[in-house]
>>> print(open('protein23.pdb').read())   # PDB, C-alpha atoms
ATOM      1  CA  MET A   1      64.223  57.480-163.023
ATOM      2  CA  SER A   2      61.827  56.583-160.234
ATOM      3  CA  THR A   3      58.064  56.790-160.452
ATOM      4  CA  LEU A   4      57.968  58.877-157.297
ATOM      5  CA  VAL A   5      60.166  61.590-158.739
ATOM      6  CA  ASP A   6      58.140  61.717-161.931
ATOM      7  CA  ASP A   7      54.838  61.852-160.028
ATOM      8  CA  ASP A   8      56.086  64.792-158.020
ATOM      9  CA  LEU A   9      57.535  66.472-161.064
ATOM     10  CA  TRP A  10      54.269  66.203-162.903
ATOM     11  CA  SER A  11      52.245  67.415-159.904
ATOM     12  CA  ALA A  12      54.565  70.390-159.733
ATOM     13  CA  VAL A  13      53.861  71.475-163.312
ATOM     14  CA  GLY A  14      50.209  70.390-163.179
ATOM     15  CA  ASP A  15      49.259  73.586-161.361
ATOM     16  CA  PRO A  16      48.505  76.686-163.463
ATOM     17  CA  THR A  17      49.941  79.162-160.937
ATOM     18  CA  ARG A  18      53.201  77.272-160.822
ATOM     19  CA  ARG A  19      53.356  77.138-164.615
ATOM     20  CA  ARG A  20      52.827  80.887-164.709
ATOM     21  CA  MET A  21      55.633  81.313-162.174
ATOM     22  CA  ILE A  22      57.941  79.216-164.330
ATOM     23  CA  ASP A  23      57.051  81.397-167.317
ATOM     24  CA  LEU A  24      57.872  84.561-165.366
ATOM     25  CA  LEU A  25      61.133  83.166-164.041
ATOM     26  CA  LEU A  26      62.155  82.060-167.529
ATOM     27  CA  ALA A  27      61.331  85.472-168.980
ATOM     28  CA  ASP A  28      63.183  87.386-166.286
ATOM     29  CA  GLY A  29      66.043  84.970-165.704
ATOM     30  CA  SER A  30      65.374  84.891-161.952
ATOM     31  CA  GLY A  31      62.982  86.228-159.340
ATOM     32  CA  THR A  32      62.016  86.452-155.686
ATOM     33  CA  ALA A  33      58.791  85.465-153.949
ATOM     34  CA  THR A  34      57.971  89.143-153.416
ATOM     35  CA  GLY A  35      58.678  90.041-157.050
ATOM     36  CA  LEU A  36      56.553  87.166-158.335
ATOM     37  CA  SER A  37      53.649  87.884-155.990
ATOM     38  CA  GLU A  38      53.458  91.443-157.328
ATOM     39  CA  ARG A  39      52.738  90.046-160.787
ATOM     40  CA  LEU A  40      50.405  87.225-159.819
ATOM     41  CA  PRO A  41      46.962  87.259-158.214
ATOM     42  CA  VAL A  42      48.240  85.376-155.174
ATOM     43  CA  THR A  43      49.897  86.356-151.910
ATOM     44  CA  ARG A  44      53.607  86.281-151.262
ATOM     45  CA  GLN A  45      53.031  83.405-148.827
ATOM     46  CA  ALA A  46      51.266  81.400-151.528
ATOM     47  CA  VAL A  47      54.079  82.126-153.980
ATOM     48  CA  ALA A  48      56.622  81.003-151.391
ATOM     49  CA  LYS A  49      54.741  77.704-150.971
ATOM     50  CA  HIS A  50      54.629  77.151-154.723
ATOM     51  CA  LEU A  51      58.355  77.911-154.955
ATOM     52  CA  ALA A  52      58.999  75.323-152.275
ATOM     53  CA  VAL A  53      57.112  72.714-154.328
ATOM     54  CA  LEU A  54      59.090  73.608-157.443
ATOM     55  CA  ASP A  55      62.333  73.577-155.482
ATOM     56  CA  ARG A  56      61.596  70.141-154.050
ATOM     57  CA  VAL A  57      61.323  68.578-157.502
ATOM     58  CA  GLY A  58      64.337  70.472-158.786
ATOM     59  CA  LEU A  59      62.479  72.713-161.222
ATOM     60  CA  VAL A  60      63.891  75.828-159.552
ATOM     61  CA  HIS A  61      66.990  76.498-157.493
ATOM     62  CA  ALA A  62      67.401  79.246-154.934
ATOM     63  CA  GLY A  63      70.402  81.456-154.414
ATOM     64  CA  THR A  64      70.755  84.195-151.824
ATOM     65  CA  ALA A  65      71.315  87.682-153.107
ATOM     66  CA  GLY A  66      70.664  90.437-150.606
ATOM     67  CA  ARG A  67      67.819  89.891-148.192
ATOM     68  CA  GLU A  68      65.656  87.547-150.199
ATOM     69  CA  ARG A  69      66.209  84.231-151.905
ATOM     70  CA  ARG A  70      66.329  84.471-155.690
ATOM     71  CA  TYR A  71      64.997  81.599-157.734
ATOM     72  CA  ARG A  72      66.021  80.368-161.174
ATOM     73  CA  VAL A  73      64.473  77.681-163.349
ATOM     74  CA  ASP A  74      66.487  74.500-163.806
ATOM     75  CA  GLU A  75      66.105  74.220-167.549
ATOM     76  CA  ARG A  76      67.289  70.625-167.719
ATOM     77  CA  GLN A  77      64.672  69.490-165.254
ATOM     78  CA  LEU A  78      62.016  71.558-167.033
ATOM     79  CA  ALA A  79      63.012  69.973-170.352
ATOM     80  CA  ARG A  80      62.544  66.582-168.747
ATOM     81  CA  ALA A  81      59.038  67.453-167.586
ATOM     82  CA  VAL A  82      58.168  68.823-171.006
ATOM     83  CA  ALA A  83      59.576  65.761-172.752
ATOM     84  CA  GLN A  84      57.377  63.491-170.658
ATOM     85  CA  LEU A  85      54.284  65.501-171.452
ATOM     86  CA  ASN A  86      55.217  65.514-175.117
ATOM     87  CA  ALA A  87      55.734  61.762-175.178
ATOM     88  CA  VAL A  88      52.116  61.281-174.174
ATOM     89  CA  GLY A  89      50.982  64.065-176.503
ATOM     90  CA  SER A  90      52.779  62.798-179.568
ATOM     91  CA  ALA A  91      51.489  59.281-178.977
ATOM     92  CA  TRP A  92      47.987  60.757-179.187
ATOM     93  CA  ASP A  93      48.897  62.760-182.290
ATOM     94  CA  SER A  94      49.714  59.626-184.202
ATOM     95  CA  ARG A  95      46.672  57.755-182.868
ATOM     96  CA  LEU A  96      44.410  60.568-184.029
ATOM     97  CA  GLU A  97      46.072  60.545-187.444
ATOM     98  CA  ARG A  98      45.267  56.849-187.694
ATOM     99  CA  ILE A  99      41.661  57.444-186.562
ATOM    100  CA  LYS A 100      41.357  60.078-189.276
ATOM    101  CA  ARG A 101      42.766  57.771-191.958
ATOM    102  CA  ILE A 102      40.517  54.863-190.994
ATOM    103  CA  ALA A 103      37.326  56.955-190.759
ATOM    104  CA  GLU A 104      38.006  58.712-194.057
ATOM    105  CA  SER A 105      38.652  55.475-195.863
ATOM    106  CA  ILE A 106      35.402  53.991-194.503
ATOM    107  CA  GLN A 107      33.557  57.121-195.583
ATOM    108  CA  GLN A 108      35.124  56.898-199.034
ATOM    109  CA  THR A 109      34.195  53.239-199.408
ATOM    110  CA  THR A 110      30.596  53.985-198.381
ATOM    111  CA  GLU A 111      30.326  56.826-200.878
ATOM    112  CA  ASP A 112      31.794  54.738-203.686
ATOM    113  CA  LYS A 113      29.095  52.134-203.151
ATOM    114  CA  GLU A 114      26.314  54.702-203.323
TER
ATOM    115  CA  MET B   1      41.741  70.833-158.167
ATOM    116  CA  GLU B   2      43.317  71.180-161.547
ATOM    117  CA  TYR B   3      44.279  68.026-163.342
ATOM    118  CA  ALA B   4      46.876  67.982-166.016
ATOM    119  CA  SER B   5      45.578  66.992-169.390
ATOM    120  CA  ILE B   6      46.426  66.332-172.983
ATOM    121  CA  GLU B   7      44.039  67.981-175.426
ATOM    122  CA  ARG B   8      43.853  67.532-179.148
ATOM    123  CA  GLU B   9      41.517  68.500-181.963
ATOM    124  CA  ILE B  10      41.426  67.121-185.485
ATOM    125  CA  ARG B  11      39.102  67.539-188.453
ATOM    126  CA  ILE B  12      38.052  64.368-190.222
ATOM    127  CA  GLU B  13      36.406  64.124-193.631
ATOM    128  CA  ALA B  14      33.858  61.575-192.491
ATOM    129  CA  ALA B  15      30.435  61.713-190.872
ATOM    130  CA  PRO B  16      30.233  61.671-187.036
ATOM    131  CA  GLU B  17      28.539  58.251-187.188
ATOM    132  CA  VAL B  18      31.573  56.835-188.988
ATOM    133  CA  VAL B  19      34.077  58.504-186.669
ATOM    134  CA  PHE B  20      32.119  57.327-183.626
ATOM    135  CA  GLY B  21      32.445  53.743-184.779
ATOM    136  CA  VAL B  22      36.186  54.142-185.274
ATOM    137  CA  VAL B  23      36.837  55.607-181.810
ATOM    138  CA  SER B  24      34.508  53.274-179.914
ATOM    139  CA  SER B  25      34.421  49.774-181.341
ATOM    140  CA  PRO B  26      37.015  47.251-180.121
ATOM    141  CA  GLU B  27      37.659  46.103-183.701
ATOM    142  CA  HIS B  28      38.565  49.617-184.803
ATOM    143  CA  LEU B  29      40.413  50.477-181.597
ATOM    144  CA  LYS B  30      42.892  47.722-182.463
ATOM    145  CA  GLU B  31      43.572  49.417-185.772
ATOM    146  CA  TRP B  32      44.718  52.659-184.187
ATOM    147  CA  TRP B  33      46.001  51.763-180.712
ATOM    148  CA  PRO B  34      46.242  48.483-178.782
ATOM    149  CA  ASP B  35      46.976  45.095-180.296
ATOM    150  CA  GLU B  36      44.095  43.489-178.428
ATOM    151  CA  ALA B  37      40.756  44.959-177.319
ATOM    152  CA  GLU B  38      38.023  43.118-175.421
ATOM    153  CA  TYR B  39      35.163  45.179-174.042
ATOM    154  CA  PRO B  40      31.488  45.870-174.723
ATOM    155  CA  PRO B  41      31.336  49.380-176.249
ATOM    156  CA  VAL B  42      28.408  50.472-174.080
ATOM    157  CA  GLU B  43      28.128  52.662-171.001
ATOM    158  CA  GLY B  44      29.745  50.909-168.052
ATOM    159  CA  GLY B  45      31.178  48.186-170.274
ATOM    160  CA  SER B  46      34.303  46.728-168.692
ATOM    161  CA  GLY B  47      37.120  44.823-170.299
ATOM    162  CA  ARG B  48      40.745  45.135-171.207
ATOM    163  CA  ILE B  49      43.129  46.171-173.923
ATOM    164  CA  GLY B  50      46.444  44.472-174.598
ATOM    165  CA  PHE B  51      49.818  45.468-175.965
ATOM    166  CA  HIS B  52      52.121  42.858-177.464
ATOM    167  CA  GLN B  53      55.526  42.824-175.837
ATOM    168  CA  ASP B  54      58.820  41.602-177.217
ATOM    169  CA  GLY B  55      58.962  37.873-176.670
ATOM    170  CA  GLY B  56      55.236  37.322-177.229
ATOM    171  CA  ALA B  57      53.810  38.349-173.860
ATOM    172  CA  VAL B  58      50.787  40.642-173.749
ATOM    173  CA  GLN B  59      50.647  43.579-171.385
ATOM    174  CA  TRP B  60      46.994  43.951-170.411
ATOM    175  CA  GLU B  61      45.411  47.164-169.167
ATOM    176  CA  GLN B  62      41.937  47.425-167.682
ATOM    177  CA  PHE B  63      39.484  49.399-169.780
ATOM    178  CA  THR B  64      36.029  50.686-168.760
ATOM    179  CA  VAL B  65      33.609  52.614-170.955
ATOM    180  CA  VAL B  66      32.280  55.670-169.096
ATOM    181  CA  ASP B  67      30.027  57.181-171.709
ATOM    182  CA  ALA B  68      28.825  55.944-175.099
ATOM    183  CA  ARG B  69      26.382  58.305-176.771
ATOM    184  CA  PRO B  70      26.532  57.874-180.531
ATOM    185  CA  PRO B  71      27.454  59.845-182.483
ATOM    186  CA  ARG B  72      28.567  62.589-180.089
ATOM    187  CA  THR B  73      30.539  61.291-177.123
ATOM    188  CA  PHE B  74      32.647  58.295-176.266
ATOM    189  CA  SER B  75      34.774  58.178-173.116
ATOM    190  CA  PHE B  76      36.617  55.535-171.181
ATOM    191  CA  ARG B  77      38.953  55.003-168.247
ATOM    192  CA  TRP B  78      42.010  52.811-168.478
ATOM    193  CA  THR B  79      44.991  51.541-166.454
ATOM    194  CA  HIS B  80      43.059  50.964-163.193
ATOM    195  CA  ALA B  81      44.150  47.856-161.338
ATOM    196  CA  GLU B  82      42.354  44.628-162.137
ATOM    197  CA  GLY B  83      39.384  44.150-159.776
ATOM    198  CA  GLU B  84      39.160  47.855-158.996
ATOM    199  CA  GLU B  85      36.305  49.966-160.218
ATOM    200  CA  ALA B  86      37.512  52.687-162.565
ATOM    201  CA  ALA B  87      37.412  56.078-160.836
ATOM    202  CA  PRO B  88      39.311  59.346-160.642
ATOM    203  CA  GLY B  89      42.628  58.653-158.947
ATOM    204  CA  ASN B  90      43.185  55.129-160.196
ATOM    205  CA  SER B  91      42.960  55.576-163.962
ATOM    206  CA  PHE B  92      43.259  57.876-166.933
ATOM    207  CA  LEU B  93      40.124  59.315-168.487
ATOM    208  CA  VAL B  94      39.972  59.676-172.264
ATOM    209  CA  VAL B  95      37.071  61.639-173.752
ATOM    210  CA  PHE B  96      36.199  61.896-177.434
ATOM    211  CA  ASP B  97      33.764  64.629-178.402
ATOM    212  CA  LEU B  98      32.449  64.632-181.962
ATOM    213  CA  GLU B  99      30.949  67.690-183.534
ATOM    214  CA  PRO B 100      29.457  67.756-187.044
ATOM    215  CA  ASP B 101      31.454  70.161-189.206
ATOM    216  CA  GLY B 102      29.996  70.507-192.690
ATOM    217  CA  GLU B 103      30.291  67.082-194.305
ATOM    218  CA  GLY B 104      32.911  66.070-191.779
ATOM    219  CA  THR B 105      33.562  65.869-188.064
ATOM    220  CA  LEU B 106      35.557  67.878-185.598
ATOM    221  CA  LEU B 107      37.028  65.355-183.185
ATOM    222  CA  ARG B 108      38.222  66.576-179.791
ATOM    223  CA  MET B 109      40.192  64.327-177.503
ATOM    224  CA  THR B 110      41.268  64.944-173.923
ATOM    225  CA  GLU B 111      43.162  62.629-171.652
ATOM    226  CA  THR B 112      43.257  63.540-167.968
ATOM    227  CA  GLY B 113      44.388  61.948-164.776
ATOM    228  CA  PHE B 114      48.125  62.423-164.879
ATOM    229  CA  ARG B 115      48.227  64.447-161.758
ATOM    230  CA  GLU B 116      46.675  61.832-159.517
ATOM    231  CA  ARG B 117      48.324  58.901-161.059
ATOM    232  CA  GLY B 118      51.726  60.055-162.228
ATOM    233  CA  TRP B 119      52.436  59.593-165.840
ATOM    234  CA  THR B 120      55.431  57.344-165.926
ATOM    235  CA  GLU B 121      52.947  54.542-166.321
ATOM    236  CA  ALA B 122      51.190  56.301-169.160
ATOM    237  CA  VAL B 123      54.445  56.643-170.987
ATOM    238  CA  ALA B 124      55.368  53.052-170.211
ATOM    239  CA  ALA B 125      52.034  51.685-171.373
ATOM    240  CA  GLN B 126      52.541  53.364-174.704
ATOM    241  CA  ALA B 127      56.250  52.803-174.954
ATOM    242  CA  HIS B 128      56.027  50.306-177.762
ATOM    243  CA  ALA B 129      53.709  52.506-179.738
ATOM    244  CA  ASP B 130      54.524  55.711-181.389
ATOM    245  CA  HIS B 131      57.383  57.869-182.435
ATOM    246  CA  VAL B 132      56.174  60.958-184.131
ATOM    247  CA  ALA B 133      57.744  64.358-184.490
ATOM    248  CA  GLY B 134      54.529  66.109-183.460
ATOM    249  CA  TRP B 135      56.079  68.265-180.792
ATOM    250  CA  ASP B 136      54.145  71.101-179.447
ATOM    251  CA  PHE B 137      54.501  73.358-176.510
ATOM    252  CA  PHE B 138      54.309  72.894-172.785
ATOM    253  CA  LEU B 139      50.644  73.749-172.514
ATOM    254  CA  PRO B 140      48.901  71.365-174.849
ATOM    255  CA  ARG B 141      45.851  73.559-175.185
ATOM    256  CA  LEU B 142      47.863  76.412-176.605
ATOM    257  CA  PRO B 143      47.971  75.227-180.246
ATOM    258  CA  VAL B 144      44.246  74.509-180.154
ATOM    259  CA  TYR B 145      43.632  78.010-178.931
ATOM    260  CA  ALA B 146      46.050  79.476-181.482
ATOM    261  CA  ALA B 147      44.289  77.683-184.317
ATOM    262  CA  LYS B 148      40.955  79.097-183.155
ATOM    263  CA  VAL B 149      42.315  82.627-183.069
ATOM    264  CA  ALA B 150      43.945  82.247-186.498
ATOM    265  CA  ARG B 151      40.754  81.018-188.087
TER
END
>>> encode(input="protein23.pdb", output="structure tokens")
Amino acid sequence: MSTLVDDDLWSAVGDPTRRRMIDLLLADGSGTATGLSERLPVTRQAVAKHLAVLDRVGLVHAGTAGRERRYRVDERQLARAVAQLNAVGSAWDSRLERIKRIAESIQQTTEDKE
Amino acid sequence: MEYASIEREIRIEAAPEVVFGVVSSPEHLKEWWPDEAEYPPVEGGSGRIGFHQDGGAVQWEQFTVVDARPPRTFSFRWTHAEGEEAAPGNSFLVVFDLEPDGEGTLLRMTETGFRERGWTEAVAAQAHADHVAGWDFFLPRLPVYAAKVAR
């Protein structure tokens, strides 16, 4: 697992439009740039660029069906991105639990003295 | 430009002054995160935090206080290279906001900077630390929002 790949992967999901596109593709199973642009406040060209970014990091794969390329989410790669985000998130969850415990015990000690 | 971030919110049954001390002082920081902490807890204060590795080595990370306004805000940047000034693009920014909530405190934490820096390092720096089942969804702000709506 190289740093470069993970940097790119995280950049790819760091953008709200691309996350929205992933949501739509997951809900519908697959989609085209035209179909996605009709449901997003961005142009087809912009959608196509975003799809290219997602494709490059392996979050979506394109297949040709009819005139336009159809994209699907690579759920394994998405799970990997989510797992990385969660690793950082859950580390903070336990730190905050410790902060809470420490602060509350200090508060308790102070009140007991009063 | 949108930066990816981790956002959390927790209610603590302690006064903001107490919570501020816990999130900002090096002595307390060591109780909830790194094994070593050496920095002056004042605005611009620069130092380092250390994580004990297997075999006795210490992995040091640079640590710079951005904002220290008791008892409301404490923020810092970390993981910039030694000798570099902490700035967007070379470090992660962690912000604690404290809001009085009755007798207690509402503590909000955000960590940003993943997009510029890549987060493999963030995961690596914390690798020894925590294993907790606190999974939540893709967009970390969602549960915070959901809790607000449910209130």
>>> atom_distance(input="protein23.pdb", atom1="atom CA of B:Phe74", atom2="atom CA of B:Val95")
6.1 Å
>>> atom_distance(input="protein23.pdb", atom1="atom CA of B:Phe92", atom2="atom CA of A:Val82")
18.9 Å
>>> atom_distance(input="protein23.pdb", atom1="atom CA of B:Gly47", atom2="atom CA of B:Glu17")
23.2 Å
>>> residues_around(input="protein23.pdb", residues="A:Gln77", least_positions_apart="4", cutoff="7 Å", atoms="all atoms listed in the file", output="list in words")
Gly58, Leu59 and Ala81 of chain A
>>> closest_residue(input="protein23.pdb", among="A:Ala46, A:Glu114, A:Ala12, A:Ile102", to="B:Glu27", atoms="all atoms listed in the file")
A:Ile102
>>> closest_residue(input="protein23.pdb", among="B:Glu38, B:Asp67, B:Glu111, B:Asp101", to="chain A", atoms="only C-alpha atoms")
B:Glu111
>>> resolve_selection(input="protein23.pdb", expression="the PyMOL selection byres ((chain B and resi 39) around 9)", output="list in words")
Ser25, Pro26, Ala37, Glu38, Pro40, Pro41, Val42, Gly45, Ser46, Gly47, Arg48, Ile49, Phe63, Thr64 and Val65 of chain B
>>> interface_residues(input="protein23.pdb", of="chain A", to="chain B", cutoff="6 Å", atoms="all atoms listed in the file", output="JSON, numbers by chain")
{"A": [7, 11, 14, 82, 90, 91, 95, 98, 100, 103, 104, 107]}
>>> build_atoms(input="protein23.pdb", residues="stretch 12-47 of chain A", atoms="N, CA and C atoms", output="mmCIF file, keeping the file's coordinate frame")
data_model
loop_
_atom_site.group_PDB
_atom_site.id
_atom_site.type_symbol
_atom_site.label_atom_id
_atom_site.label_comp_id
_atom_site.auth_asym_id
_atom_site.auth_seq_id
_atom_site.Cartn_x
_atom_site.Cartn_y
_atom_site.Cartn_z
ATOM 1 N N ALA A 12 54.023 69.040 -159.844
ATOM 2 C CA ALA A 12 54.565 70.390 -159.733
ATOM 3 C C ALA A 12 54.181 71.237 -160.935
ATOM 4 N N VAL A 13 54.207 70.673 -162.128
ATOM 5 C CA VAL A 13 53.861 71.475 -163.312
ATOM 6 C C VAL A 13 52.380 71.366 -163.659
ATOM 7 N N GLY A 14 51.633 70.547 -162.909
ATOM 8 C CA GLY A 14 50.209 70.390 -163.179
ATOM 9 C C GLY A 14 49.378 71.592 -162.710
ATOM 10 N N ASP A 15 49.995 72.456 -161.944
ATOM 11 C CA ASP A 15 49.259 73.586 -161.361
ATOM 12 C C ASP A 15 49.472 74.853 -162.187
ATOM 13 N N PRO A 16 48.372 75.523 -162.567
ATOM 14 C CA PRO A 16 48.505 76.686 -163.463
ATOM 15 C C PRO A 16 49.307 77.845 -162.866
ATOM 16 N N THR A 17 49.164 78.070 -161.544
ATOM 17 C CA THR A 17 49.941 79.162 -160.937
ATOM 18 C C THR A 17 51.437 78.864 -161.017
ATOM 19 N N ARG A 18 51.772 77.615 -160.762
ATOM 20 C CA ARG A 18 53.201 77.272 -160.822
ATOM 21 C C ARG A 18 53.740 77.360 -162.251
ATOM 22 N N ARG A 19 52.889 76.998 -163.223
ATOM 23 C CA ARG A 19 53.356 77.138 -164.615
ATOM 24 C C ARG A 19 53.589 78.604 -164.967
ATOM 25 N N ARG A 20 52.689 79.441 -164.470
ATOM 26 C CA ARG A 20 52.827 80.887 -164.709
ATOM 27 C C ARG A 20 54.114 81.398 -164.060
ATOM 28 N N MET A 21 54.395 80.906 -162.853
ATOM 29 C CA MET A 21 55.633 81.313 -162.174
ATOM 30 C C MET A 21 56.857 80.898 -162.965
ATOM 31 N N ILE A 22 56.815 79.686 -163.513
ATOM 32 C CA ILE A 22 57.941 79.216 -164.330
ATOM 33 C C ILE A 22 58.117 80.123 -165.545
ATOM 34 N N ASP A 23 56.984 80.480 -166.170
ATOM 35 C CA ASP A 23 57.051 81.397 -167.317
ATOM 36 C C ASP A 23 57.736 82.713 -166.942
ATOM 37 N N LEU A 24 57.306 83.271 -165.795
ATOM 38 C CA LEU A 24 57.872 84.561 -165.366
ATOM 39 C C LEU A 24 59.364 84.433 -165.060
ATOM 40 N N LEU A 25 59.716 83.352 -164.380
ATOM 41 C CA LEU A 25 61.133 83.166 -164.041
ATOM 42 C C LEU A 25 61.975 82.965 -165.297
ATOM 43 N N LEU A 26 61.420 82.263 -166.274
ATOM 44 C CA LEU A 26 62.155 82.060 -167.529
ATOM 45 C C LEU A 26 62.335 83.386 -168.267
ATOM 46 N N ALA A 27 61.261 84.196 -168.257
ATOM 47 C CA ALA A 27 61.331 85.472 -168.980
ATOM 48 C C ALA A 27 62.326 86.424 -168.324
ATOM 49 N N ASP A 28 62.334 86.414 -166.990
ATOM 50 C CA ASP A 28 63.183 87.386 -166.286
ATOM 51 C C ASP A 28 64.564 86.841 -165.942
ATOM 52 N N GLY A 29 64.756 85.561 -166.083
ATOM 53 C CA GLY A 29 66.043 84.970 -165.704
ATOM 54 C C GLY A 29 66.041 84.491 -164.262
ATOM 55 N N SER A 30 65.490 85.307 -163.350
ATOM 56 C CA SER A 30 65.374 84.891 -161.952
ATOM 57 C C SER A 30 64.352 85.784 -161.267
ATOM 58 N N GLY A 31 63.969 85.409 -160.052
ATOM 59 C CA GLY A 31 62.982 86.228 -159.340
ATOM 60 C C GLY A 31 62.864 85.822 -157.886
ATOM 61 N N THR A 32 62.240 86.715 -157.106
ATOM 62 C CA THR A 32 62.016 86.452 -155.686
ATOM 63 C C THR A 32 60.523 86.237 -155.449
ATOM 64 N N ALA A 33 60.198 85.686 -154.293
ATOM 65 C CA ALA A 33 58.791 85.465 -153.949
ATOM 66 C C ALA A 33 58.026 86.792 -153.966
ATOM 67 N N THR A 34 58.627 87.825 -153.428
ATOM 68 C CA THR A 34 57.971 89.143 -153.416
ATOM 69 C C THR A 34 57.738 89.638 -154.838
ATOM 70 N N GLY A 35 58.785 89.575 -155.660
ATOM 71 C CA GLY A 35 58.678 90.041 -157.050
ATOM 72 C C GLY A 35 57.604 89.285 -157.815
ATOM 73 N N LEU A 36 57.546 87.982 -157.618
ATOM 74 C CA LEU A 36 56.553 87.166 -158.335
ATOM 75 C C LEU A 36 55.141 87.479 -157.850
ATOM 76 N N SER A 37 54.997 87.667 -156.537
ATOM 77 C CA SER A 37 53.649 87.884 -155.990
ATOM 78 C C SER A 37 53.075 89.211 -156.484
ATOM 79 N N GLU A 38 53.949 90.164 -156.801
ATOM 80 C CA GLU A 38 53.458 91.443 -157.328
ATOM 81 C C GLU A 38 52.849 91.293 -158.718
ATOM 82 N N ARG A 39 53.226 90.223 -159.416
ATOM 83 C CA ARG A 39 52.738 90.046 -160.787
ATOM 84 C C ARG A 39 51.738 88.908 -160.910
ATOM 85 N N LEU A 40 51.357 88.340 -159.787
ATOM 86 C CA LEU A 40 50.405 87.225 -159.819
ATOM 87 C C LEU A 40 49.276 87.510 -158.841
ATOM 88 N N PRO A 41 48.096 86.978 -159.111
ATOM 89 C CA PRO A 41 46.962 87.259 -158.214
ATOM 90 C C PRO A 41 46.974 86.384 -156.969
ATOM 91 N N VAL A 42 48.155 86.175 -156.400
ATOM 92 C CA VAL A 42 48.240 85.376 -155.174
ATOM 93 C C VAL A 42 49.190 86.069 -154.197
ATOM 94 N N THR A 43 49.076 85.705 -152.929
ATOM 95 C CA THR A 43 49.897 86.356 -151.910
ATOM 96 C C THR A 43 51.346 85.888 -151.976
ATOM 97 N N ARG A 44 52.195 86.647 -151.330
ATOM 98 C CA ARG A 44 53.607 86.281 -151.262
ATOM 99 C C ARG A 44 53.771 84.912 -150.582
ATOM 100 N N GLN A 45 52.951 84.693 -149.543
ATOM 101 C CA GLN A 45 53.031 83.405 -148.827
ATOM 102 C C GLN A 45 52.698 82.245 -149.759
ATOM 103 N N ALA A 46 51.655 82.459 -150.585
ATOM 104 C CA ALA A 46 51.266 81.400 -151.528
ATOM 105 C C ALA A 46 52.383 81.158 -152.542
ATOM 106 N N VAL A 47 52.977 82.254 -153.030
ATOM 107 C CA VAL A 47 54.079 82.126 -153.980
ATOM 108 C C VAL A 47 55.230 81.348 -153.343
#
